[in-house]
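Peer 1: Below you'll find my_file_11.cif; it's mmCIF, C-alpha atoms.
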```cif
data_target
loop_
_atom_site.label_atom_id
_atom_site.label_comp_id
_atom_site.auth_asym_id
_atom_site.auth_seq_id
_atom_site.Cartn_x
_atom_site.Cartn_y
_atom_site.Cartn_z
CA MET F 40 -14.27 -18.06 -10.24
CA PHE F 41 -15.32 -14.39 -10.24
CA ASP F 42 -16.57 -12.49 -13.23
CA GLU F 43 -14.48 -9.64 -14.59
CA ASP F 44 -16.76 -6.88 -13.30
CA SER F 45 -16.48 -8.21 -9.75
CA LYS F 46 -12.69 -8.39 -10.06
CA ALA F 47 -12.61 -4.85 -11.45
CA LYS F 48 -14.71 -3.50 -8.61
CA PHE F 49 -12.57 -5.30 -6.01
CA ALA F 50 -9.35 -4.03 -7.61
CA LEU F 51 -10.70 -0.49 -7.65
CA TYR F 52 -11.73 -0.54 -4.00
CA LEU F 53 -8.49 -2.21 -2.94
CA GLY F 54 -6.44 0.34 -4.90
CA VAL F 55 -8.23 3.25 -3.27
CA PHE F 56 -7.94 1.62 0.16
CA LEU F 57 -4.19 1.02 -0.25
CA THR F 58 -3.74 4.62 -1.39
CA PHE F 59 -5.43 6.02 1.70
CA LEU F 60 -3.71 3.50 3.96
CA GLY F 61 -0.27 4.35 2.56
CA TYR F 62 -0.71 8.11 2.68
CA GLY F 63 -2.38 7.93 6.09
CA GLY F 64 0.51 5.91 7.48
CA ARG F 65 3.01 8.26 5.88
CA TYR F 66 1.29 11.34 7.25
CA THR F 67 0.88 10.02 10.79
CA GLY F 68 4.23 8.21 10.91
CA ILE F 69 2.66 4.90 11.93
CA GLU F 70 5.07 2.02 11.46
CA PRO F 71 5.36 -0.08 9.34
CA LEU F 72 3.12 1.96 7.04
CA ASN F 73 5.51 4.89 7.11
CA ASN F 74 8.71 3.18 6.01
CA GLN F 75 6.92 0.74 3.69
CA PHE F 76 5.11 3.53 1.85
CA PHE F 77 6.52 2.51 -1.54
CA VAL F 78 4.77 -0.87 -1.35
CA PHE F 79 1.39 0.78 -0.81
CA ALA F 80 2.05 3.38 -3.48
CA VAL F 81 3.21 0.99 -6.19
CA TRP F 82 0.50 -1.63 -5.64
CA SER F 83 -2.24 1.00 -5.56
CA LEU F 84 -0.79 2.37 -8.80
CA VAL F 85 -0.84 -1.09 -10.38
CA LEU F 86 -4.41 -1.79 -9.25
CA LEU F 87 -5.82 1.59 -10.27
CA THR F 88 -3.96 1.70 -13.59
CA ASP F 89 -5.04 -1.84 -14.43
CA ASN F 90 -8.62 -0.90 -13.56
CA LEU F 91 -8.41 2.12 -15.85
CA ALA F 92 -7.06 -0.09 -18.65
CA TYR F 93 -9.97 -2.47 -18.10
CA ARG F 94 -12.49 0.37 -18.28
CA VAL F 95 -10.93 1.96 -21.38
CA ARG F 96 -9.91 -1.10 -23.38
CA GLY F 97 -12.38 -3.70 -22.14
CA GLY F 98 -9.66 -6.01 -20.86
CA SER F 99 -6.57 -5.82 -18.69
CA LEU F 100 -3.72 -7.87 -17.32
CA LEU F 101 -4.95 -8.34 -13.74
CA ILE F 102 -8.67 -8.51 -14.37
CA SER F 103 -8.84 -10.42 -17.66
CA ARG F 104 -5.63 -12.47 -17.47
CA THR F 105 -5.02 -13.05 -13.76
CA PRO F 106 -2.73 -16.11 -14.11
CA GLU F 107 -0.48 -14.15 -16.46
CA PHE F 108 -0.36 -11.30 -13.94
CA LEU F 109 0.63 -13.66 -11.13
CA PHE F 110 3.25 -15.26 -13.38
CA LEU F 111 4.75 -11.83 -14.06
CA ALA F 112 4.78 -11.03 -10.34
CA ALA F 113 6.59 -14.28 -9.56
CA TRP F 114 9.18 -13.69 -12.29
CA SER F 115 9.60 -10.11 -11.14
CA LEU F 116 10.35 -11.33 -7.63
CA ALA F 117 12.84 -13.89 -8.94
CA LEU F 118 14.59 -11.41 -11.22
CA SER F 119 14.83 -8.77 -8.52
CA GLY F 120 16.14 -11.35 -6.06
CA PHE F 121 18.84 -12.29 -8.54
CA LEU F 122 19.78 -8.63 -9.01
CA GLU F 123 19.97 -8.20 -5.24
CA LEU F 124 22.34 -11.16 -5.03
CA LEU F 125 24.42 -9.54 -7.74
CA ASN F 126 24.37 -6.30 -5.77
CA LEU F 127 25.86 -8.07 -2.76
CA ARG F 128 29.01 -8.44 -4.84
CA LEU F 129 28.87 -5.10 -6.66
CA GLY F 130 27.61 -2.88 -3.84
CA ALA F 131 25.95 -0.60 -6.38
CA TRP F 132 22.99 0.44 -4.19
CA HIS F 133 21.63 0.26 -0.67
CA TYR F 134 18.34 1.03 1.05
CA LEU F 135 17.58 3.87 3.42
CA ASN F 136 14.95 4.14 6.16
CA GLN F 137 14.16 0.44 6.26
CA SER F 138 12.43 -1.18 9.18
CA SER F 139 14.62 -2.65 11.89
CA VAL F 140 12.21 -5.60 12.15
CA LEU F 141 13.62 -8.24 9.82
CA SER F 142 10.30 -9.80 8.79
CA THR F 143 8.76 -6.41 7.98
CA ARG F 144 11.80 -5.34 5.97
CA TRP F 145 11.94 -8.49 3.83
CA THR F 146 8.18 -8.69 3.34
CA GLY F 147 8.19 -5.10 2.12
CA ARG F 148 11.11 -5.75 -0.19
CA ALA F 149 9.49 -8.89 -1.63
CA LEU F 150 6.21 -7.07 -2.28
CA ALA F 151 8.06 -4.17 -3.89
CA TRP F 152 10.19 -6.46 -6.05
CA ALA F 153 7.11 -8.41 -7.16
CA SER F 154 5.56 -5.23 -8.52
CA VAL F 155 8.26 -4.36 -11.08
CA LEU F 156 7.20 -6.38 -14.12
CA PRO F 157 3.44 -6.14 -13.49
CA SER F 158 3.66 -2.35 -13.28
CA LEU F 159 5.59 -2.16 -16.55
CA PHE F 160 3.18 -4.45 -18.38
CA VAL F 161 0.08 -2.74 -16.98
CA MET F 162 1.42 0.66 -18.11
CA ALA F 163 2.36 -0.75 -21.51
CA GLU F 164 -1.17 -2.06 -21.89
CA LEU F 165 -2.72 1.26 -20.92
CA PHE F 166 -0.62 3.62 -23.08
CA PRO F 167 -1.94 2.51 -26.50
CA ALA F 168 -5.47 3.34 -25.35
CA PHE F 169 -4.61 7.03 -25.36
#
```
Would you put the structure from the file into structure tokens?

Peer 2:
Amino acid sequence: MFDEDSKAKFALYLGVFLTFLGYGGRYTGIEPLNNQFFVFAVWSLVLLTDNLAYRVRGGSLLISRTPEFLFLAAWSLALSGFLELLNLRLGAWHYLNQSSVLSTRWTGRALAWASVLPSLFVMAELFPAF
């Protein structure tokens, strides 16, 4: 639908925007930006790192292989959801400073969980370039 250069430019601008939005919300204490800072930080990292991989290697996971990226995000969400269900029994970890608004809390968790595998694969794609 869009060519790779347009996707790369959009990913770059979105990554920079999310970085400023996350840090701005963290600095000013505006909710839900403040307690959902990790979501902004990790997705800006994924977008900017993927953009760097595209610039250095000529191809990247998000920009060149978008369906694969979305597949990884979906599997990441499913895997993390399974681990959270397992944690209900084990009680191995818990979350601090989460929003008291249920929809905000679970949306933030889902977005954070969906970033696990894409961030690993984007980093793994970038490292051999250096």

Peer 1: Could you expand the PyMOL selection byres ((chain F and resi 101) around 10) into the explicit residues it covers here, written as a PyMOL selection string?

Peer 2: chain F and resi 43+46-47+50+85-86+89-90+92-93+98-100+102-109+157+161

Peer 1: Excluding Leu159 of chain F and its own-chain neighbours fewer than 3 positions away, which residues fall within 12 Å of it when counting only C-alpha atoms? Please give them as number ranges by chain.

Peer 2: F: 81, 84-85, 88-89, 100, 108, 111-112, 115, 153-156, 162-166

Peer 1: Give me, as a list in words, all polymer residues having an atom no more than 9 Å from Leu150 of chain F, counting all atoms listed in the file and skipping those fewer than 4 positions away in the same chain.

Peer 2: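 The residues that qualify are Val78, Trp82, Leu116, Trp145, Thr146 and Ser154 of chain F.
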
Peer 1: So that I can see what lies close to Gly120 of chain F, please list as a ChimeraX atom specification the residues with an atom at most 10 Å from it, counting all atoms listed in the file and leaving out residues fewer than 6 positions away in the same chain.

Peer 2: /F:114,126,148-149,152-153

Peer 1: Can you translate the PyMOL selection byres ((chain F and resi 143) around 12) into the concrete residues it hits in this file, as a ChimeraX atom specification?

Peer 2: /F:70-75,78,137-142,144-150

Peer 1: Have a look at F:Leu87, F:Ala168, F:Ala113, F:Ile69 and name the one nearest to Leu57 of chain F; count all atoms listed in the file.

Peer 2: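 Smallest distance to Leu57 of chain F is found for F:Leu87.
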
Peer 1: Which residue, F:Phe121, F:Arg65, F:Pro167, F:Gly97, has the smallest gap to Asp44 of chain F when you use all atoms listed in the file?

Peer 2: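 Checking each of F:Phe121, F:Arg65, F:Pro167, F:Gly97 against Asp44 of chain F, counting all atoms listed in the file, the winner is F:Gly97.
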